[in-house]
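Okay, start03.txt is below, compact mmCIF, C-alpha atoms:
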# COMPACT_ATOMS: atom_id res chain seq x y z
CA MET A 13 31.65 -142.08 62.80
CA GLN A 14 31.02 -139.59 60.03
CA ALA A 15 27.41 -140.67 59.80
CA ARG A 16 27.10 -140.26 63.56
CA ARG A 17 28.56 -136.72 63.35
CA ARG A 18 26.21 -135.80 60.51
CA SER A 19 23.30 -137.04 62.61
CA ALA A 20 24.41 -134.96 65.62
CA LEU A 21 24.89 -131.88 63.45
CA THR A 22 21.48 -132.36 61.95
CA ALA A 23 19.97 -132.59 65.43
CA VAL A 24 21.70 -129.34 66.45
CA LEU A 25 20.46 -127.58 63.34
CA LEU A 26 16.91 -128.77 63.95
CA ALA A 27 17.13 -127.53 67.54
CA LEU A 28 18.32 -124.14 66.34
CA VAL A 29 15.46 -123.91 63.83
CA ALA A 30 12.96 -124.84 66.53
CA LEU A 31 14.43 -122.20 68.84
CA ALA A 32 14.19 -119.57 66.10
CA LEU A 33 10.57 -120.51 65.46
CA PHE A 34 9.86 -120.29 69.19
CA VAL A 35 11.41 -116.82 69.44
CA ALA A 36 9.50 -115.68 66.35
CA GLY A 37 6.35 -117.04 67.90
CA CYS A 38 7.00 -115.07 71.08
CA GLY A 39 7.58 -111.97 69.00
CA GLY A 40 4.25 -112.52 67.27
CA SER A 41 2.56 -112.81 70.63
CA ASP A 42 4.05 -109.47 71.72
CA ASP A 43 2.74 -107.79 68.56
CA LYS A 44 -0.75 -109.09 69.24
CA SER A 45 -0.55 -107.89 72.80
CA SER A 46 0.60 -104.48 71.59
CA GLY A 47 -2.23 -104.41 69.09
CA SER A 48 -4.69 -105.25 71.84
CA ILE A 49 -3.45 -102.33 73.95
CA SER A 50 -3.77 -99.98 70.97
CA SER A 51 -7.30 -101.18 70.31
CA SER A 52 -8.20 -100.68 73.96
CA GLY A 53 -6.74 -97.15 73.88
CA SER A 54 -8.74 -96.38 70.76
CA SER A 55 -11.89 -97.65 72.43
CA SER A 56 -11.16 -95.52 75.50
CA ALA A 57 -10.61 -92.46 73.33
CA ALA A 58 -13.88 -93.10 71.51
CA SER A 59 -15.77 -93.42 74.79
CA SER A 60 -14.41 -90.03 75.87
CA LEU A 61 -15.94 -88.44 72.76
CA PRO A 62 -19.71 -88.79 73.28
CA GLY A 63 -20.39 -86.46 70.35
CA LYS A 64 -18.69 -88.70 67.78
CA GLY A 65 -21.20 -89.69 65.09
CA LYS A 66 -23.96 -87.48 66.51
CA PRO A 67 -25.82 -84.88 64.39
CA ALA A 68 -24.66 -81.26 64.37
CA ILE A 69 -26.11 -78.72 66.79
CA THR A 70 -26.71 -75.04 66.07
CA ILE A 71 -26.28 -72.78 69.11
CA GLY A 72 -27.41 -69.16 69.02
CA THR A 73 -26.47 -66.16 71.16
CA LYS A 74 -28.13 -62.88 71.95
CA ASP A 75 -26.68 -59.51 71.03
CA PHE A 76 -24.17 -58.60 73.74
CA THR A 77 -20.67 -59.53 74.89
CA GLU A 78 -21.53 -61.92 77.69
CA GLU A 79 -23.66 -64.02 75.35
CA PHE A 80 -20.83 -64.14 72.82
CA VAL A 81 -18.55 -65.49 75.56
CA LEU A 82 -21.13 -68.04 76.71
CA GLY A 83 -21.72 -69.23 73.17
CA GLU A 84 -18.00 -69.79 72.61
CA LEU A 85 -17.61 -71.61 75.93
CA TYR A 86 -20.38 -74.06 75.14
CA ALA A 87 -19.39 -74.53 71.49
CA GLN A 88 -15.71 -75.17 72.21
CA ALA A 89 -16.35 -77.49 75.17
CA LEU A 90 -18.75 -79.54 73.02
CA ARG A 91 -16.31 -79.70 70.10
CA ALA A 92 -13.64 -81.01 72.49
CA LYS A 93 -16.03 -83.92 73.16
CA GLY A 94 -16.52 -84.70 69.50
CA TYR A 95 -19.71 -82.76 68.79
CA THR A 96 -20.17 -80.77 65.60
CA VAL A 97 -21.29 -77.26 66.53
CA ASN A 98 -22.51 -74.37 64.41
CA LEU A 99 -22.47 -71.09 66.34
CA LYS A 100 -24.80 -68.27 65.29
CA ARG A 101 -23.81 -65.12 67.16
CA ASN A 102 -25.66 -61.85 67.70
CA ILE A 103 -29.16 -63.04 66.79
CA GLY A 104 -30.95 -60.43 68.91
CA SER A 105 -32.96 -59.87 72.07
CA THR A 106 -34.80 -62.52 74.09
CA GLU A 107 -37.95 -62.01 72.07
CA ILE A 108 -36.10 -62.50 68.77
CA ILE A 109 -33.85 -65.41 69.70
CA ASP A 110 -36.69 -67.34 71.32
CA LYS A 111 -38.52 -67.29 67.99
CA ALA A 112 -35.37 -68.63 66.35
CA LEU A 113 -35.42 -71.49 68.89
CA THR A 114 -39.09 -72.40 68.50
CA SER A 115 -38.95 -72.14 64.69
CA GLY A 116 -35.96 -74.48 64.48
CA GLN A 117 -33.52 -71.91 63.10
CA ILE A 118 -31.34 -72.77 66.10
CA ASP A 119 -31.37 -75.76 68.41
CA ALA A 120 -30.30 -74.11 71.65
CA TYR A 121 -29.10 -70.92 73.36
CA PRO A 122 -28.22 -69.57 76.83
CA GLU A 123 -31.01 -67.62 78.55
CA TYR A 124 -31.46 -65.93 81.93
CA THR A 125 -34.04 -67.34 84.35
CA GLY A 126 -35.83 -64.06 85.06
CA GLU A 127 -35.95 -63.23 81.36
CA THR A 128 -37.39 -66.67 80.66
CA VAL A 129 -40.30 -66.14 83.05
CA THR A 130 -41.11 -62.49 82.40
CA SER A 131 -40.09 -61.92 78.77
CA THR A 132 -40.28 -65.30 77.04
CA PHE A 133 -43.40 -66.58 78.76
CA ARG A 134 -44.84 -63.20 79.83
CA LYS A 135 -45.53 -64.24 83.42
CA ASN A 136 -46.04 -61.30 85.77
CA VAL A 137 -44.34 -63.08 88.64
CA ARG A 138 -42.08 -61.83 91.39
CA THR A 139 -40.53 -64.08 93.99
CA SER A 140 -37.93 -63.75 96.72
CA SER A 141 -36.75 -67.32 96.06
CA ARG A 142 -34.06 -67.89 93.45
CA GLN A 143 -34.80 -71.64 93.46
CA LYS A 144 -38.53 -71.13 92.87
CA LEU A 145 -37.81 -68.86 89.91
CA THR A 146 -35.32 -71.35 88.44
CA ASP A 147 -37.78 -74.23 88.88
CA MET A 148 -40.50 -72.16 87.22
CA ALA A 149 -38.28 -71.32 84.25
CA LYS A 150 -37.27 -74.96 83.78
CA GLN A 151 -40.89 -76.12 83.97
CA LEU A 152 -42.09 -73.53 81.47
CA TYR A 153 -39.47 -74.72 78.99
CA ALA A 154 -40.28 -78.38 79.67
CA ASP A 155 -44.00 -77.80 79.06
CA ARG A 156 -43.12 -76.27 75.70
CA GLY A 157 -40.71 -79.01 74.63
CA GLN A 158 -37.27 -77.79 75.70
CA MET A 159 -34.71 -79.33 78.02
CA THR A 160 -32.55 -77.16 80.26
CA SER A 161 -29.19 -77.36 81.99
CA ASN A 162 -28.41 -76.72 85.62
CA PRO A 163 -28.21 -72.97 86.34
CA THR A 164 -24.90 -71.11 86.46
CA PRO A 165 -23.60 -69.94 89.85
CA PHE A 166 -23.36 -66.38 88.51
CA GLU A 167 -26.32 -64.18 87.64
CA ASP A 168 -26.44 -61.07 85.48
CA VAL A 169 -29.24 -58.78 86.58
CA ASP A 170 -30.47 -55.57 84.98
CA ALA A 171 -29.70 -52.54 87.12
CA VAL A 172 -30.34 -48.82 86.91
CA ILE A 173 -27.07 -46.91 87.19
CA THR A 174 -26.05 -43.24 87.36
CA LEU A 175 -22.82 -41.30 87.62
CA LYS A 176 -21.75 -41.12 91.27
CA GLU A 177 -21.94 -37.32 91.25
CA PHE A 178 -25.55 -37.39 90.01
CA ALA A 179 -26.54 -39.95 92.64
CA GLN A 180 -24.92 -37.94 95.46
CA LYS A 181 -26.39 -34.65 94.30
CA ASN A 182 -29.92 -36.08 94.22
CA ASN A 183 -29.55 -38.51 97.16
CA LEU A 184 -30.29 -41.54 95.00
CA LYS A 185 -29.73 -44.96 96.56
CA THR A 186 -32.62 -47.11 95.32
CA VAL A 187 -34.72 -47.29 92.18
CA ALA A 188 -37.65 -45.95 94.23
CA ASP A 189 -35.67 -42.75 94.91
CA LEU A 190 -36.00 -41.80 91.24
CA LYS A 191 -39.56 -40.69 92.00
CA LYS A 192 -38.09 -37.72 93.89
CA LEU A 193 -36.77 -36.25 90.64
CA SER A 194 -38.98 -33.87 88.67
CA HIS A 195 -37.86 -35.68 85.52
CA PHE A 196 -35.01 -37.90 84.35
CA THR A 197 -33.81 -39.70 81.26
CA LEU A 198 -32.98 -43.40 81.09
CA ALA A 199 -30.96 -45.11 78.34
CA GLY A 200 -31.36 -48.76 77.46
CA GLN A 201 -31.94 -51.34 74.76
CA ALA A 202 -35.34 -51.22 73.07
CA PRO A 203 -36.86 -54.32 74.80
CA PHE A 204 -36.15 -52.87 78.27
CA LYS A 205 -38.91 -50.30 77.82
CA GLY A 206 -41.74 -52.82 77.63
CA ARG A 207 -40.48 -55.51 79.98
CA ILE A 208 -41.86 -56.35 83.40
CA ALA A 209 -38.24 -56.80 84.48
CA GLY A 210 -37.58 -53.35 83.04
CA LEU A 211 -39.19 -49.94 82.72
CA LYS A 212 -42.72 -51.38 82.71
CA GLY A 213 -42.01 -53.01 86.07
CA MET A 214 -40.42 -49.82 87.41
CA GLU A 215 -43.59 -47.92 86.54
CA SER A 216 -46.02 -50.46 87.98
CA ILE A 217 -44.09 -51.42 91.13
CA TYR A 218 -42.28 -48.19 92.02
CA GLY A 219 -44.75 -45.75 90.44
CA ILE A 220 -42.06 -44.16 88.28
CA LYS A 221 -43.69 -42.13 85.50
CA ASN A 222 -41.37 -39.10 85.40
CA VAL A 223 -39.00 -40.64 82.86
CA THR A 224 -38.06 -40.30 79.21
CA PHE A 225 -36.63 -43.47 77.69
CA LYS A 226 -33.78 -43.21 75.19
CA GLN A 227 -33.07 -46.29 73.10
CA LEU A 228 -29.39 -47.19 72.69
CA PRO A 229 -27.47 -50.28 71.51
CA PRO A 230 -25.72 -52.32 74.24
CA GLY A 231 -22.56 -50.71 75.59
CA LEU A 232 -23.30 -47.18 74.43
CA GLN A 233 -25.20 -46.28 77.59
CA TYR A 234 -21.92 -45.74 79.43
CA ARG A 235 -20.71 -43.25 76.87
CA ALA A 236 -24.07 -41.46 77.05
CA LEU A 237 -23.80 -41.23 80.85
CA ASP A 238 -20.21 -39.99 80.71
CA ARG A 239 -21.13 -37.23 78.26
CA GLY A 240 -24.19 -36.18 80.26
CA ASP A 241 -26.58 -37.12 77.46
CA VAL A 242 -28.72 -39.14 79.91
CA ASP A 243 -29.22 -39.17 83.67
CA THR A 244 -29.52 -42.93 84.21
CA ALA A 245 -29.09 -46.13 82.23
CA ASP A 246 -29.94 -49.80 82.24
CA ALA A 247 -26.83 -51.90 82.77
CA PHE A 248 -25.91 -55.51 83.55
CA THR A 249 -24.39 -56.27 86.93
CA THR A 250 -21.54 -58.24 85.32
CA ASP A 251 -20.49 -55.28 83.12
CA PRO A 252 -16.76 -54.65 83.69
CA GLN A 253 -17.35 -50.88 83.44
CA LEU A 254 -19.01 -50.98 86.87
CA ALA A 255 -15.65 -51.81 88.46
CA SER A 256 -14.33 -48.36 87.48
CA GLY A 257 -15.93 -46.69 90.51
CA LYS A 258 -17.52 -43.98 88.33
CA TYR A 259 -21.06 -45.31 88.63
CA THR A 260 -23.65 -45.89 91.34
CA VAL A 261 -25.88 -48.95 91.05
CA LEU A 262 -29.31 -48.21 92.48
CA THR A 263 -30.62 -51.07 94.60
CA ASP A 264 -33.87 -52.81 93.68
CA PRO A 265 -35.59 -53.56 97.03
CA GLU A 266 -38.80 -54.85 95.41
CA GLY A 267 -36.98 -57.27 93.14
CA VAL A 268 -38.36 -55.89 89.88
CA PHE A 269 -35.30 -57.13 87.99
CA SER A 270 -35.67 -60.60 89.50
CA PHE A 271 -32.96 -63.31 89.52
CA GLN A 272 -30.96 -63.94 86.37
CA ASN A 273 -28.90 -67.12 86.44
CA VAL A 274 -28.24 -68.76 83.09
CA LEU A 275 -29.93 -71.87 81.71
CA PHE A 276 -28.91 -73.57 78.46
CA ALA A 277 -32.20 -74.35 76.70
CA ILE A 278 -32.34 -76.91 73.88
CA ASN A 279 -35.19 -78.38 71.84
CA LYS A 280 -35.97 -81.85 73.19
CA PRO A 281 -35.68 -83.84 69.91
CA LYS A 282 -32.18 -82.48 69.31
CA TYR A 283 -31.26 -83.10 72.97
CA GLU A 284 -32.23 -86.76 72.60
CA ALA A 285 -30.46 -87.11 69.24
CA LEU A 286 -27.26 -85.73 70.78
CA GLY A 287 -27.18 -88.27 73.59
CA GLY A 288 -29.35 -86.70 76.27
CA ALA A 289 -27.67 -86.73 79.67
CA ALA A 290 -24.16 -87.22 78.24
CA PHE A 291 -24.59 -84.13 76.08
CA MET A 292 -26.00 -82.00 78.91
CA GLY A 293 -23.22 -83.21 81.17
CA VAL A 294 -20.75 -81.21 79.05
CA ILE A 295 -22.90 -78.08 79.39
CA ASN A 296 -23.34 -78.56 83.13
CA LYS A 297 -19.58 -78.98 83.61
CA VAL A 298 -19.01 -75.61 81.96
CA ASN A 299 -21.78 -74.02 84.02
CA THR A 300 -20.27 -75.12 87.34
CA LEU A 301 -17.20 -73.03 86.51
CA LEU A 302 -19.09 -69.82 85.72
CA THR A 303 -18.85 -67.83 88.93
CA ALA A 304 -19.38 -64.06 88.96
CA PRO A 305 -15.62 -63.28 89.09
CA ALA A 306 -14.97 -65.68 86.19
CA ILE A 307 -17.61 -64.21 83.89
CA GLN A 308 -16.72 -60.62 84.83
CA SER A 309 -13.07 -61.34 84.02
CA MET A 310 -13.97 -62.78 80.61
CA ASN A 311 -16.34 -59.89 79.86
CA LYS A 312 -13.53 -57.46 80.69
CA ALA A 313 -11.08 -59.30 78.46
CA VAL A 314 -13.43 -58.87 75.50
CA LEU A 315 -14.89 -55.43 76.20
CA THR A 316 -11.92 -53.61 77.70
CA ASP A 317 -8.88 -55.57 76.53
CA LYS A 318 -10.37 -56.06 73.03
CA LYS A 319 -9.66 -59.78 72.85
CA GLU A 320 -11.74 -62.11 70.71
CA ALA A 321 -14.48 -63.98 72.60
CA ALA A 322 -13.28 -67.24 71.03
CA THR A 323 -9.74 -66.69 72.35
CA VAL A 324 -10.93 -65.77 75.84
CA ALA A 325 -13.20 -68.83 76.00
CA ALA A 326 -10.42 -71.15 74.78
CA GLN A 327 -8.02 -69.88 77.45
CA PHE A 328 -10.63 -70.32 80.19
CA LEU A 329 -11.51 -73.85 79.10
CA LYS A 330 -7.87 -74.88 78.84
CA ALA A 331 -7.12 -73.49 82.30
CA ASN A 332 -9.98 -75.57 83.68
CA GLY A 333 -9.17 -78.82 81.91
CA LEU A 334 -11.88 -78.49 79.25
CA ALA A 335 -9.68 -77.46 76.34
CA GLY A 336 -11.57 -76.39 73.25
CA GLY A 337 -10.62 -75.21 69.81
CA ILE A 338 -10.72 -71.56 68.81
CA GLY A 339 -13.30 -70.52 66.29
CA SER A 340 -16.63 -71.86 65.08
Can I see the file as structure tokens?
Amino acid sequence: MQARRRSALTAVLLALVALALFVAGCGGSDDKSSGSISSSGSSSAASSLPGKGKPAITIGTKDFTEEFVLGELYAQALRAKGYTVNLKRNIGSTEIIDKALTSGQIDAYPEYTGETVTSTFRKNVRTSSRQKLTDMAKQLYADRGQMTSNPTPFEDVDAVITLKEFAQKNNLKTVADLKKLSHFTLAGQAPFKGRIAGLKGMESIYGIKNVTFKQLPPGLQYRALDRGDVDTADAFTTDPQLASGKYTVLTDPEGVFSFQNVLFAINKPKYEALGGAAFMGVINKVNTLLTAPAIQSMNKAVLTDKKEAATVAAQFLKANGLAGGIGS
């Protein structure tokens, strides 16, 4: 009987050991399953970062507020996708920054379509078609070895402005009306004087020769107008100062100042090294969001509210689901 009991007890103990091993085995299976999920999540995260492991890109900007904002938007959106971005701000005018691009000092920068055609490539072209101008700009870059993004919805066109009182007193409504003045002064950045989409175009298309040009850094033309130091000034149509109601924007019926939507231009070898279409997809996503009200609001935040361009860009990207980090 005792032997029989010992045998039964042994059988029970063996059953318990087997059960414990079975439970442990199930636990091991759960761990593997959990590990598989983690691995899948990691793979998913990696696939959402197309810039991971890619070479760094150096983006440049021109020398005014809107370009600083654009540079931060692109840089931060790219960093959020794993790209390493060096941002070189305030390089200079179109003529200067384009040399930085072609010499390899920078890899890419945002440029305006009309500026591309008339200032970068020196084409004396005027067209009433925005699409034709954009296609021309993209082709000129492509022929020279650069790839370009889709254009932004907003455009930022040069415009001749005056104080409202001066415009009313002299019955000024269009750029052509400036010919009626015996003489006037015009403030602007140095390149404006020699550009087709600038004073040179005003002279050749509208016959305006009764002008003295006064060179001023960007932003100071408004102060010069307010003090009466100049009669007119070159401005950008997205300048937040124009919302004050103090200024009259003279219309440009002949289209001297052309269309000026933004293209992101990048040297083709770097474009390919960064992943081509996947890289440009990040840029194009940012561009789709850049309406005139959006860019004007960001310009105002920097110029009028004295916020940092990096902070303004970060807030905009976060609000639109493209969160980026502040800084460069």
Top pick for closest residue to A:Val268, considering A:Val314, A:Leu301, A:Ile208, A:Ala325 and counting all atoms listed in the file:
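Going through A:Val314, A:Leu301, A:Ile208, A:Ala325 one by one, the smallest distance to A:Val268 is for A:Ile208.
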Using all atoms listed in the file, tabulate the residues of stretch 98-189 of chain A lying at most 8 Å from any atom of stretch 75-91 of chain A, each with its closest atom pair and that distance in Å to one decimal, by chain and increasing residue number, as a tab-separated table.
residue	atom	partner	partner_atom	distance
A:Asn98	CA	A:Ala87	CA	7.7
A:Leu99	CA	A:Ala87	CA	6.9
A:Arg101	CA	A:Phe80	CA	6.5
A:Asn102	CA	A:Asp75	CA	4.2
A:Ile103	CA	A:Asp75	CA	6.0
A:Gly104	CA	A:Asp75	CA	4.9
A:Ser105	CA	A:Asp75	CA	6.4
A:Tyr121	CA	A:Gly83	CA	7.6
A:Pro122	CA	A:Leu82	CA	7.3
List as CSV every residue of stretch 190-219 of chain A that is in contact with stretch 128-144 of chain A, defined as an atom at most 12 Å from one of its atoms (using only C-alpha atoms), together with the nearest atom pair and the distance in Å rounded to one decimal, sorted by chain and then rising number.
residue,atom,partner,partner_atom,distance
A:Pro203,CA,A:Ser131,CA,9.2
A:Phe204,CA,A:Ser131,CA,9.9
A:Lys205,CA,A:Ser131,CA,11.7
A:Gly206,CA,A:Ser131,CA,9.3
A:Arg207,CA,A:Ser131,CA,6.5
A:Ile208,CA,A:Thr130,CA,6.3
A:Ala209,CA,A:Thr130,CA,6.7
A:Gly210,CA,A:Thr130,CA,9.8
A:Lys212,CA,A:Asn136,CA,10.9
A:Gly213,CA,A:Asn136,CA,9.2
A:Ser216,CA,A:Asn136,CA,11.1
A:Ile217,CA,A:Arg138,CA,10.6
Quick one: everything within 12 Å of stretch 164-168 of chain A, counting all atoms listed in the file, minus sequence neighbours fewer than 3 positions away in the same chain. Send it as a PDB file with C-alpha atoms, keeping the file's coordinate frame.
ATOM      1  CA  GLU A  78     -21.530 -61.920  77.690  1.00  0.00           C
ATOM      2  CA  GLU A  79     -23.660 -64.020  75.350  1.00  0.00           C
ATOM      3  CA  LEU A  82     -21.130 -68.040  76.710  1.00  0.00           C
ATOM      4  CA  PRO A 122     -28.220 -69.570  76.830  1.00  0.00           C
ATOM      5  CA  GLU A 123     -31.010 -67.620  78.550  1.00  0.00           C
ATOM      6  CA  TYR A 124     -31.460 -65.930  81.930  1.00  0.00           C
ATOM      7  CA  THR A 125     -34.040 -67.340  84.350  1.00  0.00           C
ATOM      8  CA  GLY A 126     -35.830 -64.060  85.060  1.00  0.00           C
ATOM      9  CA  GLU A 127     -35.950 -63.230  81.360  1.00  0.00           C
ATOM     10  CA  ARG A 142     -34.060 -67.890  93.450  1.00  0.00           C
ATOM     11  CA  GLN A 143     -34.800 -71.640  93.460  1.00  0.00           C
ATOM     12  CA  THR A 146     -35.320 -71.350  88.440  1.00  0.00           C
ATOM     13  CA  THR A 160     -32.550 -77.160  80.260  1.00  0.00           C
ATOM     14  CA  SER A 161     -29.190 -77.360  81.990  1.00  0.00           C
ATOM     15  CA  ALA A 171     -29.700 -52.540  87.120  1.00  0.00           C
ATOM     16  CA  ALA A 247     -26.830 -51.900  82.770  1.00  0.00           C
ATOM     17  CA  PHE A 248     -25.910 -55.510  83.550  1.00  0.00           C
ATOM     18  CA  THR A 249     -24.390 -56.270  86.930  1.00  0.00           C
ATOM     19  CA  THR A 250     -21.540 -58.240  85.320  1.00  0.00           C
ATOM     20  CA  ASP A 251     -20.490 -55.280  83.120  1.00  0.00           C
ATOM     21  CA  PRO A 252     -16.760 -54.650  83.690  1.00  0.00           C
ATOM     22  CA  PHE A 269     -35.300 -57.130  87.990  1.00  0.00           C
ATOM     23  CA  SER A 270     -35.670 -60.600  89.500  1.00  0.00           C
ATOM     24  CA  PHE A 271     -32.960 -63.310  89.520  1.00  0.00           C
ATOM     25  CA  GLN A 272     -30.960 -63.940  86.370  1.00  0.00           C
ATOM     26  CA  ASN A 273     -28.900 -67.120  86.440  1.00  0.00           C
ATOM     27  CA  VAL A 274     -28.240 -68.760  83.090  1.00  0.00           C
ATOM     28  CA  LEU A 275     -29.930 -71.870  81.710  1.00  0.00           C
ATOM     29  CA  PHE A 276     -28.910 -73.570  78.460  1.00  0.00           C
ATOM     30  CA  ILE A 295     -22.900 -78.080  79.390  1.00  0.00           C
ATOM     31  CA  ASN A 296     -23.340 -78.560  83.130  1.00  0.00           C
ATOM     32  CA  LYS A 297     -19.580 -78.980  83.610  1.00  0.00           C
ATOM     33  CA  VAL A 298     -19.010 -75.610  81.960  1.00  0.00           C
ATOM     34  CA  ASN A 299     -21.780 -74.020  84.020  1.00  0.00           C
ATOM     35  CA  THR A 300     -20.270 -75.120  87.340  1.00  0.00           C
ATOM     36  CA  LEU A 301     -17.200 -73.030  86.510  1.00  0.00           C
ATOM     37  CA  LEU A 302     -19.090 -69.820  85.720  1.00  0.00           C
ATOM     38  CA  THR A 303     -18.850 -67.830  88.930  1.00  0.00           C
ATOM     39  CA  ALA A 304     -19.380 -64.060  88.960  1.00  0.00           C
ATOM     40  CA  PRO A 305     -15.620 -63.280  89.090  1.00  0.00           C
ATOM     41  CA  ALA A 306     -14.970 -65.680  86.190  1.00  0.00           C
ATOM     42  CA  ILE A 307     -17.610 -64.210  83.890  1.00  0.00           C
ATOM     43  CA  GLN A 308     -16.720 -60.620  84.830  1.00  0.00           C
ATOM     44  CA  ASN A 311     -16.340 -59.890  79.860  1.00  0.00           C
TER      45      ASN A 311
END
Using only C-alpha atoms, which of A:Lys93, A:Lys318, A:Lys74, A:Lys258 sits nearest A:Tyr234?
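Selected residue with least distance to A:Tyr234: A:Lys258.
Taking atom CA of A:Val324 and atom CA of A:Asp238 as endpoints, the distance between them is 27.8 Å.
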Within-8 Å shell of (-24.5, -89.2, 67.1) in input frame, all atoms listed in the file, as a PyMOL selection string
chain A and resi 62-67+285-287
Residues as selected, C-alpha atoms, written as a JSON list (two decimals), in the coordinates of the input, can you do that?
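Everything below was put into part.json:
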[["chain", "number", "residue", "atom", "x", "y", "z"],
["A", 62, "PRO", "CA", -19.71, -88.79, 73.28],
["A", 63, "GLY", "CA", -20.39, -86.46, 70.35],
["A", 64, "LYS", "CA", -18.69, -88.70, 67.78],
["A", 65, "GLY", "CA", -21.20, -89.69, 65.09],
["A", 66, "LYS", "CA", -23.96, -87.48, 66.51],
["A", 67, "PRO", "CA", -25.82, -84.88, 64.39],
["A", 285, "ALA", "CA", -30.46, -87.11, 69.24],
["A", 286, "LEU", "CA", -27.26, -85.73, 70.78],
["A", 287, "GLY", "CA", -27.18, -88.27, 73.59]]
Choose the residue, out of A:Ala277, A:Tyr95, A:Ala255, A:Ala290, that has the smallest atom-to-atom separation from A:Ile109; count only C-alpha atoms.
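Nearest candidate to A:Ile109 out of A:Ala277, A:Tyr95, A:Ala255, A:Ala290: A:Ala277.
Taking atom CA of A:Glu215 and atom CA of A:Val187 as the two end points, the separation is 10.5 Å.
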Expressed in Å to a single decimal, how great is the separation between atom CA of A:Ser115 and atom CA of A:Met148?
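Computed distance, atom CA of A:Ser115 to atom CA of A:Met148, equals 22.6 Å.
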Excluding A:Phe178 and any residue of its chain fewer than 4 positions from it, enumerate the residues within 10 Å of it, using all atoms listed in the file, and give them as a PyMOL selection string.
chain A and resi 174+182-184+240+243-244+259-260
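Considering the residues A:Lys330, A:Asp264, A:Met159, A:Ile278 and counting all atoms listed in the file, A:Ala112 has its shortest atom-to-atom contact with A:Ile278.
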Minimum-distance residue to A:Leu228, chosen among A:Leu334, A:Ala68, A:Ala202, A:Leu152 (using all atoms listed in the file)
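Closest candidate: A:Ala202.
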Write a file for stretch 116-127 of chain A, containing N, CA and C atoms (output as a CSV table (one decimal), in the first residue's frame).
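File written: result-v3.csv
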chain,number,residue,atom,x,y,z
A,116,GLY,N,28.8,74.9,-54.6
A,116,GLY,CA,28.8,73.8,-53.6
A,116,GLY,C,28.9,74.2,-52.1
A,117,GLN,N,28.9,75.6,-51.9
A,117,GLN,CA,29.0,76.0,-50.5
A,117,GLN,C,27.7,75.7,-49.8
A,118,ILE,N,26.6,75.6,-50.5
A,118,ILE,CA,25.3,75.1,-50.0
A,118,ILE,C,24.8,74.1,-51.0
A,119,ASP,N,23.8,73.3,-50.5
A,119,ASP,CA,23.2,72.3,-51.4
A,119,ASP,C,21.9,72.7,-51.9
A,120,ALA,N,21.2,73.6,-51.2
A,120,ALA,CA,19.9,74.0,-51.6
A,120,ALA,C,19.5,75.3,-51.0
A,121,TYR,N,18.4,75.9,-51.6
A,121,TYR,CA,17.8,77.1,-51.0
A,121,TYR,C,16.5,77.4,-51.6
A,122,PRO,N,15.6,78.2,-51.0
A,122,PRO,CA,14.3,78.6,-51.6
A,122,PRO,C,14.5,79.8,-52.4
A,123,GLU,N,13.9,79.8,-53.7
A,123,GLU,CA,14.0,80.9,-54.6
A,123,GLU,C,12.7,81.1,-55.2
A,124,TYR,N,12.5,82.4,-55.7
A,124,TYR,CA,11.2,82.8,-56.3
A,124,TYR,C,11.3,82.6,-57.8
A,125,THR,N,10.2,82.1,-58.4
A,125,THR,CA,10.2,81.8,-59.8
A,125,THR,C,10.6,82.9,-60.7
A,126,GLY,N,10.0,84.1,-60.5
A,126,GLY,CA,10.4,85.2,-61.4
A,126,GLY,C,11.8,85.6,-61.2
A,127,GLU,N,12.3,85.6,-60.0
A,127,GLU,CA,13.7,85.9,-59.7
A,127,GLU,C,14.6,84.9,-60.4
